[in-house]
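J.: Dropping in structure15.tsv, with TSV, C-alpha atoms and all ligand atoms.
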chain	number	residue	atom	x	y	z
N	446	MET	CA	-37.99	-0.48	52.88
N	447	GLU	CA	-41.75	-1.16	53.25
N	448	GLY	CA	-43.68	1.85	51.92
N	449	ARG	CA	-40.55	3.45	50.49
N	450	THR	CA	-40.13	3.96	46.75
N	451	MET	CA	-37.41	1.79	45.27
N	452	THR	CA	-35.64	3.65	42.54
N	453	LYS	CA	-32.86	1.26	41.64
N	454	MET	CA	-32.02	-2.44	41.80
N	455	LEU	CA	-28.55	-3.80	41.12
N	456	HIS	CA	-28.93	-7.19	39.49
N	457	ILE	CA	-25.66	-9.09	39.98
N	458	CYS	CA	-25.56	-11.83	37.35
N	459	VAL	CA	-23.14	-14.65	38.20
N	460	THR	CA	-23.67	-17.23	35.48
N	461	PRO	CA	-21.84	-17.25	32.14
N	462	ARG	CA	-24.63	-19.26	30.47
N	463	GLY	CA	-26.89	-16.46	29.22
N	464	ALA	CA	-30.01	-17.83	27.53
N	465	LYS	CA	-29.10	-21.40	28.63
N	466	SER	CA	-29.03	-20.41	32.31
N	467	ARG	CA	-31.51	-22.07	34.67
N	468	THR	CA	-30.71	-19.48	37.33
N	469	LEU	CA	-31.76	-16.66	35.00
N	470	LYS	CA	-35.06	-18.40	34.27
N	471	ILE	CA	-35.84	-18.15	38.00
N	472	THR	CA	-34.56	-14.58	38.05
N	473	ASN	CA	-36.84	-13.62	35.17
N	474	THR	CA	-39.89	-15.06	36.95
N	475	PHE	CA	-38.93	-13.15	40.10
N	476	LEU	CA	-38.42	-9.95	38.11
N	477	GLU	CA	-41.82	-10.20	36.39
N	478	THR	CA	-43.52	-9.97	39.80
N	479	PHE	CA	-41.03	-7.44	41.13
N	480	LYS	CA	-41.57	-5.07	38.18
N	481	LYS	CA	-45.36	-5.16	38.71
N	482	ARG	CA	-44.86	-4.20	42.36
N	483	HIS	CA	-42.18	-1.59	41.64
N	484	PRO	CA	-42.74	-0.22	38.11
N	485	GLU	CA	-40.67	2.85	39.02
N	486	CYS	CA	-37.55	0.82	39.79
N	487	GLU	CA	-34.64	0.99	37.34
N	488	ILE	CA	-32.71	-2.28	36.98
N	489	ASP	CA	-28.95	-1.98	36.55
N	490	THR	CA	-27.41	-5.35	35.62
N	491	ILE	CA	-23.76	-6.15	36.24
N	492	ASP	CA	-22.69	-9.32	34.44
N	493	LEU	CA	-19.73	-10.59	36.45
N	494	PHE	CA	-18.54	-12.89	33.65
N	495	SER	CA	-18.19	-10.07	31.12
N	496	GLU	CA	-17.33	-7.18	33.47
N	497	LYS	CA	-13.61	-6.52	33.79
N	498	LEU	CA	-13.12	-6.57	37.57
N	499	PRO	CA	-10.01	-4.91	39.04
N	500	GLU	CA	-7.39	-7.28	40.44
N	501	ASN	CA	-6.72	-7.37	44.17
N	502	SER	CA	-3.21	-6.16	43.41
N	503	LEU	CA	-0.52	-5.05	45.87
N	504	ALA	CA	-1.73	-1.44	45.51
N	505	VAL	CA	-5.32	-2.46	46.25
N	506	THR	CA	-4.42	-4.58	49.27
N	507	ASP	CA	-1.99	-1.89	50.53
N	508	GLY	CA	-4.94	0.54	50.42
N	509	LYS	CA	-7.17	-1.87	52.32
N	510	TYR	CA	-4.62	-2.20	55.13
N	511	LEU	CA	-4.19	1.59	55.22
N	512	LEU	CA	-7.97	2.04	55.63
N	513	MET	CA	-8.11	-0.68	58.29
N	514	ALA	CA	-5.47	1.22	60.25
N	515	GLY	CA	-7.62	4.37	60.08
N	516	GLY	CA	-5.63	6.02	57.28
N	517	GLU	CA	-6.60	7.27	53.82
N	518	ILE	CA	-5.81	6.10	50.30
N	519	SER	CA	-2.51	7.78	49.41
N	520	ASP	CA	-1.85	9.54	46.08
N	521	ARG	CA	0.33	6.61	45.00
N	522	LEU	CA	-2.55	4.16	45.47
N	523	LYS	CA	-5.34	6.36	44.05
N	524	PRO	CA	-5.10	5.16	40.41
N	525	ALA	CA	-5.48	1.51	41.47
N	526	TRP	CA	-8.35	2.44	43.79
N	527	GLN	CA	-10.41	4.36	41.21
N	528	GLU	CA	-12.07	1.22	39.85
N	529	ILE	CA	-12.65	-0.18	43.37
N	530	GLU	CA	-14.42	3.03	44.37
N	531	ARG	CA	-16.48	2.99	41.15
N	532	HIS	CA	-17.74	-0.52	41.96
N	533	ILE	CA	-18.55	0.41	45.58
N	534	ALA	CA	-20.43	3.53	44.39
N	535	ARG	CA	-22.37	1.48	41.82
N	536	PHE	CA	-23.35	-1.07	44.50
N	537	LEU	CA	-24.38	1.63	46.99
N	538	SER	CA	-26.34	3.60	44.36
N	539	ALA	CA	-28.97	0.83	44.36
N	540	ASP	CA	-31.64	0.47	47.05
N	541	ILE	CA	-31.74	-3.28	46.64
N	542	CYS	CA	-29.67	-6.01	45.01
N	543	LEU	CA	-30.59	-9.29	43.39
N	544	ILE	CA	-27.90	-11.96	42.98
N	545	SER	CA	-28.44	-14.58	40.27
N	546	CYS	CA	-25.99	-17.25	41.31
N	547	PRO	CA	-25.73	-21.03	40.77
N	548	MET	CA	-23.81	-23.37	43.08
N	549	TRP	CA	-20.30	-24.20	41.89
N	550	ASN	CA	-18.43	-26.91	43.81
N	551	PHE	CA	-20.55	-26.43	46.92
N	552	SER	CA	-19.85	-22.72	46.91
N	553	ILE	CA	-20.28	-19.56	44.83
N	554	PRO	CA	-18.66	-19.06	41.40
N	555	TYR	CA	-15.23	-17.46	41.74
N	556	ARG	CA	-16.37	-14.28	39.98
N	557	LEU	CA	-18.81	-13.48	42.81
N	558	LYS	CA	-16.05	-13.99	45.39
N	559	HIS	CA	-13.85	-11.64	43.35
N	560	TYR	CA	-16.65	-9.03	43.29
N	561	ILE	CA	-17.23	-9.33	47.07
N	562	ASP	CA	-13.48	-8.93	47.70
N	563	ILE	CA	-13.61	-5.71	45.66
N	564	ILE	CA	-16.64	-4.03	47.21
N	565	ALA	CA	-16.12	-5.18	50.82
N	566	GLN	CA	-13.64	-2.56	52.00
N	567	PRO	CA	-13.15	-0.87	55.37
N	568	MET	CA	-15.65	1.96	55.52
N	569	ASP	CA	-16.79	4.60	57.93
N	570	ALA	CA	-19.90	3.94	60.03
N	571	LEU	CA	-22.19	5.51	57.41
N	572	GLY	CA	-20.89	3.31	54.58
N	573	ALA	CA	-21.21	0.14	56.63
N	574	ASP	CA	-24.76	1.10	57.71
N	575	VAL	CA	-25.80	1.79	54.13
N	576	MET	CA	-24.41	-1.55	52.92
N	577	LEU	CA	-26.20	-3.42	55.71
N	578	GLU	CA	-29.44	-1.56	54.89
N	579	ARG	CA	-29.20	-2.62	51.21
N	580	ILE	CA	-28.67	-6.26	52.14
N	581	THR	CA	-31.53	-6.26	54.68
N	582	ALA	CA	-33.87	-4.53	52.20
N	583	SER	CA	-33.02	-7.16	49.57
N	584	GLN	CA	-33.73	-10.01	51.98
N	585	ASN	CA	-37.04	-8.44	53.06
N	586	GLU	CA	-38.21	-7.86	49.49
N	587	ALA	CA	-37.35	-11.46	48.51
N	588	LYS	CA	-39.36	-12.70	51.51
N	589	ARG	CA	-42.37	-10.50	50.66
N	590	LEU	CA	-42.34	-11.62	47.03
N	591	ALA	CA	-42.00	-15.29	47.97
N	592	GLU	CA	-44.96	-14.96	50.37
N	593	SER	CA	-47.12	-13.33	47.70
N	594	LEU	CA	-46.58	-16.07	45.09
M	1	LIG	C1	-18.16	-25.45	37.56
M	1	LIG	C2	-19.49	-25.99	38.03
M	1	LIG	C3	-19.58	-26.50	39.32
M	1	LIG	C4	-20.82	-26.98	39.80
M	1	LIG	N1	-20.89	-27.44	41.09
M	1	LIG	C5	-22.08	-27.86	41.57
M	1	LIG	C6	-22.21	-28.31	42.93
M	1	LIG	O1	-21.27	-28.31	43.70
M	1	LIG	N2	-23.42	-28.74	43.36
M	1	LIG	C7	-24.51	-28.76	42.53
M	1	LIG	O2	-25.59	-29.17	42.99
M	1	LIG	N3	-24.43	-28.32	41.25
M	1	LIG	C8	-23.24	-27.88	40.76
M	1	LIG	N4	-23.16	-27.43	39.45
M	1	LIG	C9	-24.38	-27.41	38.64
M	1	LIG	C10	-25.03	-26.04	38.60
M	1	LIG	O3	-25.15	-25.47	39.89
M	1	LIG	C11	-26.43	-26.13	38.02
M	1	LIG	O4	-26.39	-26.79	36.77
M	1	LIG	C12	-27.05	-24.77	37.86
M	1	LIG	O5	-28.42	-24.91	37.54
M	1	LIG	C13	-26.34	-23.97	36.78
M	1	LIG	O6	-26.92	-22.69	36.73
M	1	LIG	P1	-26.95	-21.87	35.36
M	1	LIG	O7	-27.76	-22.74	34.39
M	1	LIG	O8	-27.68	-20.62	35.73
M	1	LIG	O9	-25.55	-21.64	34.94
M	1	LIG	C14	-21.97	-26.96	38.96
M	1	LIG	C15	-21.84	-26.47	37.65
M	1	LIG	C16	-20.63	-25.98	37.19
M	1	LIG	C17	-20.52	-25.42	35.79
Could you express the structure from this file as structure tokens?
T.:
Amino acid sequence: MEGRTMTKMLHICVTPRGAKSRTLKITNTFLETFKKRHPECEIDTIDLFSEKLPENSLAVTDGKYLLMAGGEISDRLKPAWQEIERHIARFLSADICLISCPMWNFSIPYRLKHYIDIIAQPMDALGADVMLERITASQNEAKRLAESL
């Protein structure tokens, strides 16, 4: 990602505490520096505690197993999969993601696990490569910013 223009960040907000949130205080400090380095970058925020996430219903899990077996989402499953595909497209439309997430019971808040279960679906080689690239770019940017502080 070094030298490449970043046009979009997906900020995944995983605390319900809004203005009271300690995590978001850290996020805001990070973003102040990030915005100076990347003034061109649009920031799309998904608030996982107010966003209505699709359930991992029978239709959604049936679709996942179909894809794992090399098949395609059938017409019967398409309505249930529309929202899943919308979330995957939103995630992949960003060059980089920032996750604002406290520790809950030695793990992540359940809403982040729900989100991961939605966007982590069997994909072709291109989709998997793109997702890996986004995650690596996010890690690299965080490292560069931390080093410059
Ligand atoms: C349901 C819940 C579980 C928590 N579990 C842990 C934990 O296992 N370990 C820990 O160090 N803090 C735990 N905390 C404390 C939060 O991680 C900590 O207060 C954090 O700063 C909250 O972030 P926020 O202000 O952005 O919501 C927990 C808080 C809540 C609400």
J.: Could you pull out the residues sitting within 8 Å of ligand LIG 1 (chain M), using all atoms listed in the file, and write them as a count of residues only?
T.: 20
J.: Using only C-alpha atoms, which protein or nucleic acid residues come within 7 Å of range 488-497 of chain N? Drop anything in the same chain fewer than 3 positions from it, and give the result as a PDB file with C-alpha atoms, in the frame of the given file.
T.:
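Just written: result_21.pdb:
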ATOM      1  CA  LYS N 453     -32.860   1.260  41.640  1.00  0.00           C
ATOM      2  CA  MET N 454     -32.020  -2.440  41.800  1.00  0.00           C
ATOM      3  CA  LEU N 455     -28.550  -3.800  41.120  1.00  0.00           C
ATOM      4  CA  HIS N 456     -28.930  -7.190  39.490  1.00  0.00           C
ATOM      5  CA  ILE N 457     -25.660  -9.090  39.980  1.00  0.00           C
ATOM      6  CA  CYS N 458     -25.560 -11.830  37.350  1.00  0.00           C
ATOM      7  CA  VAL N 459     -23.140 -14.650  38.200  1.00  0.00           C
ATOM      8  CA  THR N 460     -23.670 -17.230  35.480  1.00  0.00           C
ATOM      9  CA  PRO N 461     -21.840 -17.250  32.140  1.00  0.00           C
ATOM     10  CA  ARG N 556     -16.370 -14.280  39.980  1.00  0.00           C
TER      11      ARG N 556
END
J.: Just want the 7 Å neighbourhood of range 560-575 of chain N, counted on only C-alpha atoms, with same-chain residues fewer than 5 positions away dropped. Output as a list in words.
T.: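 My list of contacting residues is Lys509, Leu512, Met513, Ile529, His532 and Ile533 of chain N.
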J.: Just the residues within 12 Å of Leu503 in chain N, please, counting only C-alpha atoms, with nothing from its chain fewer than 5 positions along; format it as number ranges by chain.
T.: N: 508-510, 521-522, 525-526
J.: So the first atom is CA of Ala591 in chain N and the second is CA of Thr474 in chain N; what is the distance between them in Å, to one decimal place?
T.: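 That distance, rounded to one decimal, is 11.2 Å.
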J.: Just checking: using all atoms listed in the file, which residue out of N:Phe475, N:His483, N:Ser593, N:Ser502 ends up closest to Ile544 in chain N?
T.: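 Nearest to Ile544 in chain N: N:Phe475.
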J.: To one decimal place, how far is CA of Glu477 in chain N from CA of Arg589 in chain N in Å?
T.: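 Computing it gives 14.3 Å between the two atoms.
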J.: So, counting only C-alpha atoms, which residue among N:Ala464, N:Met451, N:Ala514, N:Ala504 is closest to Pro484 in chain N?
T.: N:Met451
J.: Can you tell me how far CA of Glu487 in chain N sits from CA of Lys558 in chain N, in Å to one decimal?
T.: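 Value for the CA of Glu487 in chain N-CA of Lys558 in chain N distance: 25.2 Å.
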J.: Listed atoms of range 461-467 of chain N, axis-aligned box, 8 Å per side: centre and edge lengths to one decimal in Å, as lines of an AutoDock Vina configuration file?
T.:
center_x = -26.7
center_y = -19.3
center_z = 31.1
size_x = 25.7
size_y = 21.6
size_z = 23.1
J.: Let me make sure I understand: among N:Gln527, N:Gln584, N:Thr506, N:Thr452, which one has the smallest atom-to-atom distance to Leu543 in chain N if we use only C-alpha atoms?
T.: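 Of N:Gln527, N:Gln584, N:Thr506, N:Thr452, the one nearest Leu543 in chain N, counting only C-alpha atoms, is N:Gln584.
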J.: What's the 12 Å shell around Thr581 in chain N, counting all atoms listed in the file, without same-chain residues fewer than 2 positions away, as a PyMOL selection string?
T.: chain N and resi 446-447+540-543+574-579+583-588
J.: Taking the block above, write range 511-557 of chain N with N, CA and C atoms as a short mmCIF file (atom, residue, chain, number, x, y, z; two decimals), in the first residue's frame.
T.:
data_model
loop_
_atom_site.label_atom_id
_atom_site.label_comp_id
_atom_site.auth_asym_id
_atom_site.auth_seq_id
_atom_site.Cartn_x
_atom_site.Cartn_y
_atom_site.Cartn_z
N LEU N 511 -23.05 -24.71 0.30
CA LEU N 511 -23.10 -24.84 -1.16
C LEU N 511 -21.81 -24.28 -1.78
N LEU N 512 -21.42 -23.07 -1.33
CA LEU N 512 -20.21 -22.43 -1.86
C LEU N 512 -18.97 -23.25 -1.54
N MET N 513 -18.94 -23.81 -0.33
CA MET N 513 -17.76 -24.62 0.06
C MET N 513 -17.63 -25.85 -0.83
N ALA N 514 -18.78 -26.33 -1.31
CA ALA N 514 -18.75 -27.53 -2.17
C ALA N 514 -18.55 -27.14 -3.64
N GLY N 515 -18.27 -25.85 -3.88
CA GLY N 515 -18.00 -25.41 -5.25
C GLY N 515 -19.24 -25.00 -6.02
N GLY N 516 -20.38 -24.95 -5.35
CA GLY N 516 -21.63 -24.58 -6.03
C GLY N 516 -21.88 -23.08 -6.00
N GLU N 517 -23.11 -22.70 -6.37
CA GLU N 517 -23.50 -21.28 -6.37
C GLU N 517 -24.74 -21.10 -5.53
N ILE N 518 -24.96 -19.86 -5.09
CA ILE N 518 -26.16 -19.56 -4.30
C ILE N 518 -27.40 -19.77 -5.18
N SER N 519 -28.29 -20.64 -4.74
CA SER N 519 -29.47 -20.96 -5.55
C SER N 519 -30.50 -19.85 -5.42
N ASP N 520 -31.48 -19.86 -6.36
CA ASP N 520 -32.53 -18.81 -6.34
C ASP N 520 -33.25 -18.79 -5.00
N ARG N 521 -33.48 -19.96 -4.42
CA ARG N 521 -34.19 -20.04 -3.15
C ARG N 521 -33.44 -19.30 -2.03
N LEU N 522 -32.10 -19.34 -2.11
CA LEU N 522 -31.30 -18.74 -1.03
C LEU N 522 -30.94 -17.28 -1.28
N LYS N 523 -31.17 -16.81 -2.53
CA LYS N 523 -30.71 -15.46 -2.89
C LYS N 523 -31.26 -14.37 -1.99
N PRO N 524 -32.56 -14.37 -1.64
CA PRO N 524 -33.05 -13.27 -0.79
C PRO N 524 -32.29 -13.19 0.53
N ALA N 525 -32.01 -14.34 1.16
CA ALA N 525 -31.30 -14.33 2.44
C ALA N 525 -29.85 -13.89 2.26
N TRP N 526 -29.30 -14.12 1.06
CA TRP N 526 -27.90 -13.80 0.82
C TRP N 526 -27.64 -12.36 0.39
N GLN N 527 -28.73 -11.63 0.04
CA GLN N 527 -28.54 -10.26 -0.44
C GLN N 527 -27.78 -9.40 0.57
N GLU N 528 -28.20 -9.48 1.83
CA GLU N 528 -27.59 -8.65 2.87
C GLU N 528 -26.14 -9.09 3.15
N ILE N 529 -25.91 -10.42 3.08
CA ILE N 529 -24.54 -10.94 3.28
C ILE N 529 -23.63 -10.35 2.19
N GLU N 530 -24.10 -10.39 0.95
CA GLU N 530 -23.29 -9.89 -0.16
C GLU N 530 -23.07 -8.38 -0.05
N ARG N 531 -24.09 -7.67 0.46
CA ARG N 531 -23.94 -6.21 0.64
C ARG N 531 -22.83 -5.92 1.66
N HIS N 532 -22.80 -6.70 2.74
CA HIS N 532 -21.76 -6.46 3.75
C HIS N 532 -20.37 -6.82 3.22
N ILE N 533 -20.27 -7.91 2.46
CA ILE N 533 -18.97 -8.28 1.88
C ILE N 533 -18.50 -7.18 0.92
N ALA N 534 -19.44 -6.69 0.07
CA ALA N 534 -19.07 -5.64 -0.90
C ALA N 534 -18.64 -4.37 -0.17
N ARG N 535 -19.33 -4.02 0.91
CA ARG N 535 -18.95 -2.82 1.66
C ARG N 535 -17.54 -2.97 2.25
N PHE N 536 -17.27 -4.16 2.81
CA PHE N 536 -15.94 -4.41 3.38
C PHE N 536 -14.87 -4.33 2.29
N LEU N 537 -15.13 -4.96 1.14
CA LEU N 537 -14.11 -5.01 0.08
C LEU N 537 -13.98 -3.69 -0.66
N SER N 538 -14.97 -2.79 -0.51
CA SER N 538 -14.87 -1.50 -1.22
C SER N 538 -13.84 -0.58 -0.56
N ALA N 539 -13.39 -0.93 0.65
CA ALA N 539 -12.41 -0.10 1.34
C ALA N 539 -11.00 -0.65 1.11
N ASP N 540 -10.02 0.26 1.05
CA ASP N 540 -8.62 -0.19 0.88
C ASP N 540 -8.04 -0.68 2.19
N ILE N 541 -8.64 -0.19 3.28
CA ILE N 541 -8.04 -0.42 4.60
C ILE N 541 -9.16 -0.44 5.63
N CYS N 542 -8.98 -1.21 6.70
CA CYS N 542 -10.02 -1.15 7.74
C CYS N 542 -9.39 -0.89 9.10
N LEU N 543 -10.17 -0.23 9.93
CA LEU N 543 -9.75 0.10 11.29
C LEU N 543 -10.82 -0.45 12.22
N ILE N 544 -10.40 -1.30 13.17
CA ILE N 544 -11.38 -1.91 14.08
C ILE N 544 -11.21 -1.29 15.47
N SER N 545 -12.25 -0.63 15.95
CA SER N 545 -12.24 -0.05 17.30
C SER N 545 -12.94 -1.03 18.22
N CYS N 546 -12.16 -1.76 19.01
CA CYS N 546 -12.75 -2.91 19.71
C CYS N 546 -12.16 -3.10 21.11
N PRO N 547 -12.98 -3.00 22.16
CA PRO N 547 -12.49 -3.31 23.50
C PRO N 547 -12.43 -4.82 23.73
N MET N 548 -11.82 -5.21 24.86
CA MET N 548 -11.84 -6.63 25.24
C MET N 548 -13.10 -6.90 26.05
N TRP N 549 -13.81 -7.95 25.72
CA TRP N 549 -14.96 -8.38 26.50
C TRP N 549 -14.74 -9.84 26.89
N ASN N 550 -14.65 -10.09 28.19
CA ASN N 550 -14.46 -11.45 28.69
C ASN N 550 -13.35 -12.20 27.95
N PHE N 551 -12.19 -11.53 27.93
CA PHE N 551 -10.97 -12.08 27.33
C PHE N 551 -11.12 -12.38 25.84
N SER N 552 -12.05 -11.73 25.20
CA SER N 552 -12.26 -11.97 23.78
C SER N 552 -12.83 -10.70 23.14
N ILE N 553 -13.41 -10.86 21.95
CA ILE N 553 -14.00 -9.71 21.26
C ILE N 553 -15.49 -9.63 21.59
N PRO N 554 -16.10 -8.44 21.55
CA PRO N 554 -17.55 -8.36 21.74
C PRO N 554 -18.28 -9.20 20.69
N TYR N 555 -19.40 -9.78 21.11
CA TYR N 555 -20.12 -10.73 20.25
C TYR N 555 -20.54 -10.13 18.91
N ARG N 556 -20.71 -8.81 18.86
CA ARG N 556 -21.15 -8.20 17.59
C ARG N 556 -20.04 -8.30 16.53
N LEU N 557 -18.78 -8.23 16.96
CA LEU N 557 -17.69 -8.36 15.98
C LEU N 557 -17.62 -9.80 15.47
#
